[in-house]
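J.: CSV, C-alpha atoms, file coords.csv:
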```
chain,number,residue,atom,x,y,z
A,197,MET,CA,98.2,50.2,85.7
A,198,GLY,CA,95.6,47.4,86.0
A,199,SER,CA,93.2,45.8,83.5
A,200,LYS,CA,89.4,46.2,83.8
A,201,SER,CA,88.9,42.7,85.3
A,202,ASN,CA,91.7,43.4,87.8
A,203,VAL,CA,89.9,46.5,89.0
A,204,GLY,CA,86.6,44.5,89.3
A,205,MET,CA,88.3,41.9,91.4
A,206,ARG,CA,89.7,44.5,93.7
A,207,VAL,CA,86.2,46.1,94.2
A,208,VAL,CA,84.7,42.7,95.0
A,209,LEU,CA,87.5,41.9,97.5
A,210,PHE,CA,87.2,45.3,99.1
A,211,GLY,CA,83.4,44.9,99.5
A,212,TRP,CA,83.9,41.5,101.1
A,213,LEU,CA,86.5,42.8,103.5
A,214,CYS,CA,84.2,45.6,104.6
A,215,ARG,CA,81.2,43.3,105.0
A,216,GLU,CA,82.8,40.3,106.6
A,217,ARG,CA,85.5,41.9,108.7
A,218,TRP,CA,84.2,45.2,110.0
A,219,HIS,CA,80.5,45.5,109.3
A,220,PRO,CA,79.5,42.8,111.8
A,221,VAL,CA,80.8,44.8,114.7
A,222,GLY,CA,78.0,47.2,114.0
A,223,GLU,CA,79.9,50.0,112.5
A,224,ASN,CA,79.8,51.2,109.0
A,225,TRP,CA,83.3,51.7,107.8
A,226,LEU,CA,86.6,52.9,108.9
A,227,SER,CA,88.2,56.0,110.1
A,228,TYR,CA,91.1,55.0,112.3
A,229,ALA,CA,92.4,56.7,115.3
A,230,HIS,CA,94.9,55.5,117.8
A,231,THR,CA,93.3,54.6,121.1
A,232,PRO,CA,94.7,53.8,124.5
A,233,ALA,CA,95.7,50.3,125.1
A,234,GLY,CA,93.0,48.2,126.7
A,235,SER,CA,90.2,49.7,124.7
A,236,ARG,CA,87.7,47.4,123.0
A,237,ARG,CA,89.3,47.5,119.5
A,238,SER,CA,92.9,47.4,120.7
A,239,GLN,CA,92.3,43.9,122.2
A,240,LYS,CA,91.3,42.3,118.9
A,241,PRO,CA,94.1,40.6,117.0
A,242,GLY,CA,95.3,41.7,113.6
A,243,ALA,CA,97.0,44.5,111.8
A,244,LEU,CA,94.6,47.1,113.0
A,245,ASP,CA,95.0,46.2,116.7
A,246,SER,CA,95.9,49.7,117.9
A,247,CYS,CA,93.1,51.3,116.0
A,248,VAL,CA,89.5,52.1,116.7
A,249,VAL,CA,86.9,51.9,114.0
A,250,LYS,CA,84.5,54.8,113.8
A,251,PRO,CA,81.7,55.4,111.4
A,252,TYR,CA,83.3,57.1,108.5
A,253,PHE,CA,80.4,58.5,106.5
A,254,ALA,CA,78.7,59.8,109.6
A,255,ASP,CA,81.7,61.9,110.3
A,256,MET,CA,82.0,63.0,106.7
A,257,ALA,CA,78.6,64.5,106.8
A,258,ALA,CA,79.1,66.3,110.0
A,259,VAL,CA,82.6,67.7,109.3
A,260,ALA,CA,82.4,68.9,105.8
A,261,THR,CA,85.0,71.6,106.0
A,262,PRO,CA,87.2,72.3,103.0
A,263,ALA,CA,90.9,71.5,103.4
A,264,VAL,CA,93.0,74.6,103.7
A,265,HIS,CA,96.6,74.4,102.7
A,266,PRO,CA,98.5,77.3,104.3
A,267,GLY,CA,100.7,79.2,101.9
A,268,ILE,CA,98.8,78.2,98.8
A,269,GLN,CA,96.5,80.8,97.3
A,270,THR,CA,94.4,80.5,94.3
A,271,GLU,CA,93.6,83.6,92.3
A,272,GLU,CA,90.9,83.6,89.8
A,273,LEU,CA,91.9,85.3,86.5
A,274,THR,CA,89.3,87.1,84.6
A,275,GLY,CA,89.3,88.8,81.2
A,276,SER,CA,89.9,87.6,77.7
A,277,SER,CA,92.8,85.3,77.1
A,278,THR,CA,94.6,87.9,75.0
A,279,GLU,CA,94.5,90.4,77.8
A,280,LEU,CA,95.8,87.9,80.3
A,281,GLU,CA,98.6,86.8,78.1
A,282,THR,CA,99.8,90.1,76.7
A,283,GLY,CA,102.2,92.1,78.9
A,284,TYR,CA,103.5,95.5,78.2
A,285,LEU,CA,107.0,96.5,78.9
A,286,VAL,CA,107.7,100.0,80.3
A,287,ILE,CA,111.0,101.0,78.8
A,288,CYS,CA,113.2,104.0,79.5
A,289,TRP,CA,115.5,104.9,76.6
A,290,ASN,CA,118.8,106.7,76.8
A,291,ASP,CA,119.2,110.3,75.8
A,292,PRO,CA,122.1,112.6,76.2
A,293,ILE,CA,120.2,115.3,78.0
A,294,ASN,CA,118.7,113.9,81.2
A,295,LEU,CA,121.2,113.9,84.1
A,296,MET,CA,122.1,110.6,85.7
A,297,ASP,CA,121.1,111.7,89.2
A,298,TYR,CA,117.9,113.1,87.9
A,299,VAL,CA,116.9,109.8,86.2
A,300,THR,CA,117.8,107.9,89.4
A,301,HIS,CA,115.6,110.2,91.4
A,302,VAL,CA,112.7,109.8,89.0
A,303,PHE,CA,112.8,106.0,89.1
A,304,GLN,CA,112.8,106.2,92.9
A,305,VAL,CA,109.8,108.5,93.0
A,306,VAL,CA,107.7,106.8,90.3
A,307,PHE,CA,108.4,103.1,91.2
A,308,GLY,CA,109.2,103.6,94.9
A,309,TRP,CA,112.5,101.8,94.5
A,310,GLU,CA,115.5,102.0,96.7
A,311,ARG,CA,118.4,104.1,95.5
A,312,ARG,CA,120.5,101.1,94.6
A,313,LYS,CA,117.9,99.5,92.3
A,314,ALA,CA,117.1,102.9,90.7
A,315,GLU,CA,120.8,103.4,90.0
A,316,ARG,CA,121.1,99.9,88.5
A,317,HIS,CA,118.4,100.7,86.0
A,318,MET,CA,119.7,104.2,85.3
A,319,LEU,CA,123.1,102.7,84.5
A,320,GLU,CA,121.5,100.1,82.3
A,321,VAL,CA,119.8,102.9,80.4
A,322,HIS,CA,123.1,104.8,80.2
A,323,LYS,CA,125.3,101.8,79.1
A,324,LEU,CA,122.9,99.6,77.1
A,325,GLY,CA,120.7,102.3,75.7
A,326,LYS,CA,117.5,101.2,77.4
A,327,SER,CA,116.2,99.5,80.5
A,328,VAL,CA,113.0,97.5,81.0
A,329,LEU,CA,111.5,99.0,84.2
A,330,ALA,CA,108.3,97.0,84.5
A,331,ARG,CA,106.1,94.5,82.8
A,332,GLU,CA,102.5,95.4,83.3
A,333,SER,CA,99.0,95.4,82.0
A,334,LEU,CA,98.1,98.0,79.4
A,335,GLU,CA,96.5,100.4,81.9
A,336,LYS,CA,99.3,100.2,84.4
A,337,ALA,CA,102.0,100.5,81.7
A,338,GLU,CA,100.3,103.6,80.4
A,339,PHE,CA,100.2,105.0,83.9
A,340,TYR,CA,103.9,104.5,84.4
A,341,VAL,CA,104.8,105.9,81.0
A,342,HIS,CA,102.8,109.0,81.8
A,343,GLN,CA,104.5,109.4,85.2
A,344,LEU,CA,108.0,109.1,83.6
A,345,GLN,CA,107.1,111.5,80.8
A,346,LYS,CA,105.8,114.0,83.3
A,347,TYR,CA,109.4,114.2,84.4
A,348,GLN,CA,110.5,114.4,80.7
A,349,LEU,CA,112.1,111.1,80.6
A,350,HIS,CA,112.2,109.2,77.3
A,351,ALA,CA,109.9,106.4,78.2
A,352,THR,CA,107.6,104.2,76.1
A,353,MET,CA,105.6,101.0,76.4
A,354,GLU,CA,106.1,98.1,74.1
A,355,ARG,CA,104.2,94.9,73.7
A,356,GLU,CA,106.1,92.0,75.1
B,174,MET,CA,123.6,128.6,96.3
B,175,LYS,CA,123.2,126.6,99.5
B,176,PHE,CA,121.0,124.1,101.1
B,177,ILE,CA,120.6,125.3,104.7
B,178,ARG,CA,118.5,122.8,106.5
B,179,GLN,CA,115.5,120.5,106.4
B,180,TYR,CA,112.9,120.8,109.1
B,181,GLN,CA,110.0,118.3,108.8
B,182,ASN,CA,108.6,118.8,105.3
B,183,ALA,CA,110.3,122.2,104.7
B,184,PHE,CA,113.7,122.6,102.9
B,185,THR,CA,115.4,125.9,103.4
B,186,PHE,CA,117.7,127.3,100.7
B,187,GLU,CA,119.9,130.3,100.3
B,188,VAL,CA,120.6,132.0,97.0
B,189,SER,CA,122.5,135.1,96.0
B,190,GLY,CA,120.6,137.9,94.2
B,191,ARG,CA,122.0,136.8,90.9
B,192,GLU,CA,121.1,133.2,91.4
B,193,LYS,CA,117.6,134.2,92.3
B,194,SER,CA,117.2,136.2,89.1
B,195,TRP,CA,118.5,133.2,87.1
B,196,LEU,CA,116.1,130.8,88.8
B,197,LEU,CA,113.1,133.0,88.2
B,198,ALA,CA,114.2,133.7,84.6
B,199,ILE,CA,114.4,129.9,84.0
B,200,LEU,CA,111.0,129.3,85.5
B,201,LYS,CA,109.4,132.0,83.3
B,202,LEU,CA,110.4,130.0,80.2
B,203,PHE,CA,108.3,127.0,81.2
B,204,PRO,CA,106.9,125.2,79.2
B,205,LEU,CA,109.3,124.6,76.3
B,206,VAL,CA,108.8,120.9,75.3
B,207,PRO,CA,106.1,120.4,72.7
B,208,LEU,CA,103.4,118.0,73.9
B,209,SER,CA,103.8,115.9,70.7
B,210,HIS,CA,107.4,115.2,71.7
B,211,HIS,CA,106.3,112.3,74.0
B,212,ARG,CA,105.2,109.1,72.3
B,213,LEU,CA,103.4,106.3,74.0
B,214,SER,CA,105.2,103.6,72.1
B,215,LYS,CA,108.3,103.6,69.9
B,216,THR,CA,107.8,100.5,67.9
B,217,THR,CA,104.6,98.6,68.7
B,218,LYS,CA,101.1,99.1,67.4
B,219,LEU,CA,99.1,99.3,70.6
B,220,PRO,CA,95.4,98.8,70.9
B,221,ASP,CA,93.6,102.1,70.3
B,222,GLN,CA,97.0,103.8,69.9
B,223,GLU,CA,95.8,107.1,68.5
B,224,ALA,CA,93.2,107.5,71.1
B,225,ASN,CA,95.7,106.6,73.8
B,226,GLN,CA,98.3,108.9,72.5
B,227,ARG,CA,95.7,111.7,72.5
B,228,LEU,CA,94.8,110.8,76.1
B,229,LEU,CA,98.5,110.9,77.1
B,230,GLU,CA,98.9,114.4,75.5
B,231,GLU,CA,95.8,115.6,77.3
B,232,SER,CA,97.0,114.3,80.5
B,233,LEU,CA,100.5,115.8,80.1
B,234,LYS,CA,98.8,119.1,79.2
B,235,ALA,CA,96.8,119.1,82.4
B,236,GLN,CA,99.9,118.4,84.3
B,237,ARG,CA,101.7,121.2,82.5
B,238,ASP,CA,98.9,123.6,83.2
B,239,GLU,CA,99.0,122.7,86.9
B,240,ASN,CA,102.8,123.2,87.0
B,241,GLN,CA,102.4,126.5,85.2
B,242,LYS,CA,99.9,127.7,87.8
B,243,LEU,CA,102.3,126.8,90.5
B,244,VAL,CA,105.2,128.6,88.8
B,245,LEU,CA,103.2,131.7,88.3
B,246,ALA,CA,102.1,131.6,91.9
B,247,MET,CA,105.6,131.2,93.1
B,248,LEU,CA,106.8,134.0,90.9
B,249,SER,CA,104.2,136.4,92.1
B,250,GLU,CA,104.2,135.3,95.8
B,251,THR,CA,105.4,138.0,98.1
B,252,GLY,CA,107.5,136.8,101.0
B,253,ARG,CA,108.7,133.7,99.2
B,254,PHE,CA,112.3,135.0,99.1
B,255,ASN,CA,113.4,136.6,102.4
B,256,PRO,CA,116.4,138.8,102.3
B,257,CYS,CA,119.4,137.7,104.4
B,258,ALA,CA,123.0,138.7,104.8
B,259,SER,CA,124.3,136.9,101.7
B,260,GLY,CA,121.2,137.1,99.5
B,261,PHE,CA,117.8,135.4,99.9
B,262,ARG,CA,116.4,132.5,101.8
B,263,PHE,CA,113.4,130.5,100.7
B,264,ASP,CA,111.5,127.4,101.8
B,265,LEU,CA,110.2,124.6,99.6
B,266,THR,CA,108.2,121.5,100.5
B,267,ARG,CA,109.2,118.1,99.2
B,268,LEU,CA,106.2,118.3,96.8
B,269,GLU,CA,107.2,121.8,95.5
B,270,ILE,CA,110.7,120.4,94.9
B,271,GLU,CA,109.2,117.6,92.8
B,272,TRP,CA,107.2,120.0,90.5
B,273,LEU,CA,110.2,122.4,90.4
B,274,LEU,CA,112.3,119.5,89.1
B,275,GLN,CA,109.7,118.8,86.4
B,276,VAL,CA,109.7,122.4,85.4
B,277,LEU,CA,113.4,122.8,85.3
B,278,ASN,CA,113.9,119.6,83.3
B,279,ASP,CA,111.2,120.8,80.8
B,280,VAL,CA,113.3,123.9,80.2
B,281,ARG,CA,116.5,121.8,80.0
B,282,LEU,CA,115.0,119.3,77.5
B,283,GLY,CA,113.2,122.0,75.5
B,284,SER,CA,116.4,124.0,75.1
B,285,TRP,CA,118.2,120.9,74.0
B,286,LEU,CA,115.5,120.2,71.4
B,287,ALA,CA,115.7,123.8,70.2
B,288,LEU,CA,119.4,123.2,69.6
B,289,GLY,CA,118.6,120.3,67.4
B,290,SER,CA,119.1,117.5,70.0
B,291,PRO,CA,122.9,117.4,69.8
B,292,ASP,CA,124.8,114.6,71.4
B,293,LEU,CA,126.4,116.4,74.3
B,294,ALA,CA,129.2,113.8,74.5
B,295,GLN,CA,130.4,114.9,71.1
B,296,GLU,CA,131.9,118.3,71.5
B,297,ASP,CA,131.7,119.2,67.8
B,298,GLN,CA,127.9,118.7,67.8
B,299,LEU,CA,127.4,121.6,70.1
B,300,VAL,CA,128.2,124.8,68.2
B,301,LEU,CA,128.6,127.9,70.3
B,302,ASN,CA,127.4,131.0,68.5
B,303,ALA,CA,125.1,134.0,69.1
B,304,LYS,CA,122.1,132.0,68.1
B,305,THR,CA,122.8,128.9,70.2
B,306,LEU,CA,124.3,130.7,73.3
B,307,PRO,CA,120.9,131.5,75.0
B,308,GLN,CA,119.7,127.9,74.6
B,309,ILE,CA,122.9,126.5,75.9
B,310,GLN,CA,122.8,128.9,78.9
B,311,ARG,CA,119.2,127.9,79.7
B,312,MET,CA,120.0,124.2,79.4
B,313,GLU,CA,123.0,124.5,81.7
B,314,LEU,CA,121.4,126.7,84.2
B,315,ALA,CA,118.3,124.4,84.4
B,316,GLY,CA,120.7,121.5,84.9
B,317,MET,CA,122.6,123.3,87.6
B,318,PHE,CA,119.4,124.1,89.6
B,319,GLU,CA,118.2,120.5,89.1
B,320,MET,CA,121.4,119.1,90.6
B,321,PHE,CA,121.2,121.6,93.4
B,322,PHE,CA,117.7,120.5,94.4
B,323,LEU,CA,118.5,116.8,93.9
B,324,ASN,CA,121.6,117.1,96.2
B,325,ALA,CA,119.4,118.7,98.9
B,326,VAL,CA,116.8,115.9,98.6
B,327,SER,CA,119.5,113.2,98.6
B,328,ARG,CA,121.2,114.7,101.7
B,329,ALA,CA,118.0,114.9,103.6
B,330,GLY,CA,117.3,111.3,102.8
```
Starting from the coordinates I provided, produce the structure as structure tokens.

T.:
Amino acid sequence: MGSKSNVGMRVVLFGWLCRERWHPVGENWLSYAHTPAGSRRSQKPGALDSCVVKPYFADMAAVATPAVHPGIQTEELTGSSTELETGYLVICWNDPINLMDYVTHVFQVVFGWERRKAERHMLEVHKLGKSVLARESLEKAEFYVHQLQKYQLHATMERE
Amino acid sequence: MKFIRQYQNAFTFEVSGREKSWLLAILKLFPLVPLSHHRLSKTTKLPDQEANQRLLEESLKAQRDENQKLVLAMLSETGRFNPCASGFRFDLTRLEIEWLLQVLNDVRLGSWLALGSPDLAQEDQLVLNAKTLPQIQRMELAGMFEMFFLNAVSRAG
């Protein structure tokens, strides 16, 4: 971290460098790209020997495309903060009447799960008394509860 | 009762005369579970809970009415059960099996509720007498048919 005067010094030095070292060659400021040996810039001595100086701001104005980072997506969340934060758990409770195969089948149909996953949740219901099947928004949780109750499963939604 | 084959979306079953009459008798009992049995939430106070509960019951009622229509149509449909050497053969689509499962489980659950929701793992909770016998029969028969259809669906993949 630098002090205020330090920053000022850097700005002055930077300005001088631009003016004295690169501006006189008739170009604004720098965007460097490697050029083949023997080009005008590559013959000048110094640290930037292998670079060519191109007008930077001119390029900026012409190529004003936003940077795209593959694999990174941004999603705009809308709604009140309470709605966004609150999740509802869809829970299936154990009862002694629904058959294990039947419960597995219903999970497969309602959630589109593979048999193995449906069985794991069914066994959770059977052994632990309940299983959290999904965490959803209010509307989606209601939908799932309705679907499960259509098959007469003991399902409810609870605020997380 | 046998699962004969699956061809495209049609599942073919074979039942004896007695099994057929049991199946139809069970279907005629639908619906048995009171709409108020299902609750939207067990513990939490949800936003607009009463209105949402009412909506849930209305939705379940609509679904039940639809299932009842399908049951009545199935019961009155001529040519659904075709006589064969060892009883009757009938076809069901995958969708029909789904609503049949819902109907059968309604009868199973409703009979269990009528028995006072006993814990079936505790033998002493299920008292067998003249009053409880019909409920137990319905419950077990509905469960048997459920398992039969589930096995067929599972075998067909």

J.: When distances are computed from all atoms listed in the file, which of A:Met318, A:Glu354, A:Val299, A:Lys346 shows the smallest separation from Leu334 in chain A?

T.: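 Distance minimum relative to Leu334 in chain A lands on A:Glu354.
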
J.: For each of A:Trp289, A:Phe307, A:Tyr284, A:Tyr298, take the minimum atom-to-atom distance to Lys323 in chain A, counting all atoms listed in the file, then give the residue where this is smallest.

T.: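 Ranked by minimum distance to Lys323 in chain A, first place goes to A:Trp289.
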
J.: Mind giving me the straight-line distance from CA of Gln310 in chain B to CA of Gly289 in chain B in Å, one decimal?

T.: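 About the pair CA of Gln310 in chain B and CA of Gly289 in chain B: they are 15.0 Å apart.
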
J.: Any idea which chain A residues end up within 12 Å of chain B if we count all atoms listed in the file, as a PyMOL selection string please?

T.: chain A and resi 278-279+282-302+304-306+310-311+334-335+337-356

J.: Mind pulling up the distance from CA of Leu248 in chain B to CA of Ala315 in chain B?

T.: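 Interatomic distance here is 16.3 Å.
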
J.: If we count only C-alpha atoms and set the cut-off at 12 Å, which residues sit around Arg191 in chain B, ignoring sequence neighbours fewer than 6 positions away in its own chain? Please answer as number ranges by chain.

T.: B: 174, 197-198, 259-261

J.: How would the residues just picked look written out with C-alpha atoms as a PDB file, keeping the file's coordinate frame?

T.:
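Once everything was written out, this is selection.pdb:
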```pdb
ATOM      1  CA  MET B 174     123.600 128.600  96.300  1.00  0.00           C
ATOM      2  CA  LEU B 197     113.100 133.000  88.200  1.00  0.00           C
ATOM      3  CA  ALA B 198     114.200 133.700  84.600  1.00  0.00           C
ATOM      4  CA  SER B 259     124.300 136.900 101.700  1.00  0.00           C
ATOM      5  CA  GLY B 260     121.200 137.100  99.500  1.00  0.00           C
ATOM      6  CA  PHE B 261     117.800 135.400  99.900  1.00  0.00           C
TER       7      PHE B 261
END
```

J.: Please report the interatomic distance between CA of Phe176 in chain B and CA of Val321 in chain A in Å with one decimal.

T.: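 Straight-line distance from CA of Phe176 in chain B to CA of Val321 in chain A works out to 29.7 Å.
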
J.: Which polymer residues have any atom within 7 Å of an atom of Ile177 in chain B, counting all atoms listed in the file, with same-chain residues fewer than 4 positions away left out, as a list of chain:residue names?

T.: B:Thr185, B:Phe186, B:Glu187
